[in-house]
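J.: Quick one: structure below, then a few questions.
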Amino acid sequence: MHIIVIENALIKGYHKFQIRPPPPALLLPVTKEYGNRHDPHACLVWVPEIEKTPSSLWNHETDETCGERVRTINGLPTGRVPKGLSSCFYELLGSNNVERIECEQTGIPCKSFSPWPHYQSPGGGVVISCITEYKSKVIINESWKSVCRCRENG
């Protein structure tokens, strides 16, 4: 099994969902977003369901301004994969070779920055920096090696 890692990635759309992700130790699953009228290949980033969240994190406060805790946001979307990667991930999520795609938050919500559009422009907004990993039986495309750090697992 290969774990393909994309460092310096982003979760986009925080300004739409307003769900601040839980602590970085928790991996956020990525799924296809069916019915997105702006992007037919959109992928959502989710806060994991409570069964997949360590009970020690359930009462962790994720947003002090509104008192949100991990247990109150479990199972909610926190953002989207950027459009440039979403079509690739959408295809990967339909492959029998890919076990899962997950994000790990590495920063707090902030205004989008270069090379992304200005935060007040279409495609801009608020972003959360992250590391994205996907677990695959094979390296899907050799060109990924220039973008990702690949390593064998086990």
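Ligands are numbered from 1 in the order shown, residues from 1 within each chain, and chains are lettered A, B, ... in the order they appear in the structure tokens.
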Do a neighbour search on Cys66 (chain A) at 12 Å with only C-alpha atoms, toss out local chain neighbours closer than 4 positions, and write the hits as an MDAnalysis selection string.

T.: chainID A and resid 18:20 61:62 72:73

J.: Would you mind exporting the chosen residues as a CSV table (one decimal), in the first residue's frame, restricted to N, CA and C atoms?

T.:
chain,number,residue,atom,x,y,z
A,18,GLN,N,-18.4,27.6,7.8
A,18,GLN,CA,-18.2,28.1,9.1
A,18,GLN,C,-18.1,27.0,10.2
A,19,ILE,N,-17.5,25.9,9.8
A,19,ILE,CA,-17.2,24.8,10.8
A,19,ILE,C,-15.7,24.7,10.9
A,20,ARG,N,-15.2,25.2,12.0
A,20,ARG,CA,-13.7,25.1,12.2
A,20,ARG,C,-13.4,23.7,12.6
A,61,GLU,N,-12.9,22.3,22.4
A,61,GLU,CA,-13.5,23.4,21.8
A,61,GLU,C,-12.8,23.8,20.5
A,62,THR,N,-13.6,23.8,19.4
A,62,THR,CA,-13.0,24.1,18.1
A,62,THR,C,-13.2,25.6,17.7
A,72,THR,N,-20.2,18.5,18.7
A,72,THR,CA,-21.4,19.2,18.1
A,72,THR,C,-21.2,19.4,16.6
A,73,ILE,N,-20.0,19.1,16.1
A,73,ILE,CA,-19.7,19.3,14.7
A,73,ILE,C,-19.4,18.0,13.9

J.: Find the residues near Ser136 (chain A): any atom within 10 Å, counting only C-alpha atoms, skip ones fewer than 3 places away on the same chain, and give them as a ChimeraX atom specification.

T.: /A:1-4,92,95-101,133,139-140

J.: So that I can check the surroundings of Cys103 (chain A), please list as a list in words every protein, DNA and RNA residue that reaches within 6 Å of it, counting only C-alpha atoms and ignoring chain neighbours fewer than 3 positions away.

T.: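 Listing them by chain and then by number gives Leu27, Leu28, Ile131 and Thr132 of chain A.
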
J.: Would you list the contacts of region 42-49 of chain A as a compact mmCIF listing (two decimals) with C-alpha atoms, in the first residue's frame, taking every protein, DNA or RNA residue within 6 Å and counting only C-alpha atoms, but skipping same-chain residues closer than 2 positions in sequence?

T.:
# COMPACT_ATOMS: atom_id res chain seq x y z
CA LEU A 28 -10.74 14.67 7.96
CA PRO A 29 -12.26 12.38 5.29
CA VAL A 30 -12.74 13.57 1.70
CA THR A 31 -15.76 12.45 -0.34
CA LYS A 32 -17.34 13.28 -3.66
CA GLU A 33 -19.88 16.10 -3.50
CA ASP A 39 -18.27 22.09 -10.04
CA PRO A 40 -19.47 18.60 -11.06
CA GLU A 51 -17.69 6.92 16.24
CA LYS A 52 -14.41 7.66 14.43
CA ASN A 74 -19.10 15.60 14.03
CA GLY A 75 -20.31 14.57 10.59
CA LEU A 76 -20.49 18.12 9.19
CA PRO A 77 -18.59 19.42 6.14
CA THR A 78 -15.82 21.89 6.91
CA GLY A 79 -14.82 22.83 3.35
CA ARG A 80 -13.87 21.63 -0.11
CA VAL A 81 -10.80 20.41 -1.93
CA SER A 86 -10.93 18.13 -6.91

J.: For Gln105 (chain A), list every protein, DNA or RNA residue within 9 Å, evaluated using only C-alpha atoms, and leave out those in the same chain fewer than 4 positions away; present the list as a list in words.

T.: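 Residues near the query, excluding close chain neighbours: Leu10, Ile11, Pro21, Pro22, Pro23, Pro24, Ala25, Leu26, Leu27, Leu28, Ile128, Ser129, Cys130, Ile131 and Thr132 of chain A.
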
J.: Which is closest to Ile50 (chain A) among A:Glu64, A:Arg71, A:Phe89, A:Arg37, if we use only C-alpha atoms?

T.: A:Arg71

J.: Which residue is closest to Ile6 (chain A)? Choose from A:Glu102, A:Val70, A:His60, A:Gly94 and count only C-alpha atoms.

T.: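 Between A:Glu102, A:Val70, A:His60, A:Gly94, the residue approaching Ile6 (chain A) most closely is A:Glu102.
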
J.: Let's see if you can do this: from backbone DSSP, list all strand (DSSP E) residues in region 14-154 of chain A, as a PyMOL selection string.

T.: chain A and resi 28-32+43-46+61-63+68-69+77-80+98-105+110-111+126-136+149-152

J.: Using DSSP on the backbone coordinates, identify the residues of region 45-109 of chain A assigned to helix (DSSP H, G or I); present them as a list of chain:residue names.

T.: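 Going through region 45-109 of chain A, the helix (DSSP H, G or I) residues come out as A:Ile50, A:Glu51, A:Lys52, A:Ser55, A:Ser56, A:Leu57, A:Val70, A:Arg71, A:Thr72, A:Ile73, A:Lys83, A:Gly84, A:Leu85, A:Ser86, A:Ser87, A:Cys88, A:Phe89, A:Tyr90, A:Glu91, A:Leu92, A:Leu93.
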
J.: For Lys12 (chain A), which residue among A:Ser114, A:Ile108, A:Tyr134, A:Pro82 is the nearest when counting only C-alpha atoms?

T.: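 Smallest separation from Lys12 (chain A) among the options: A:Pro82.
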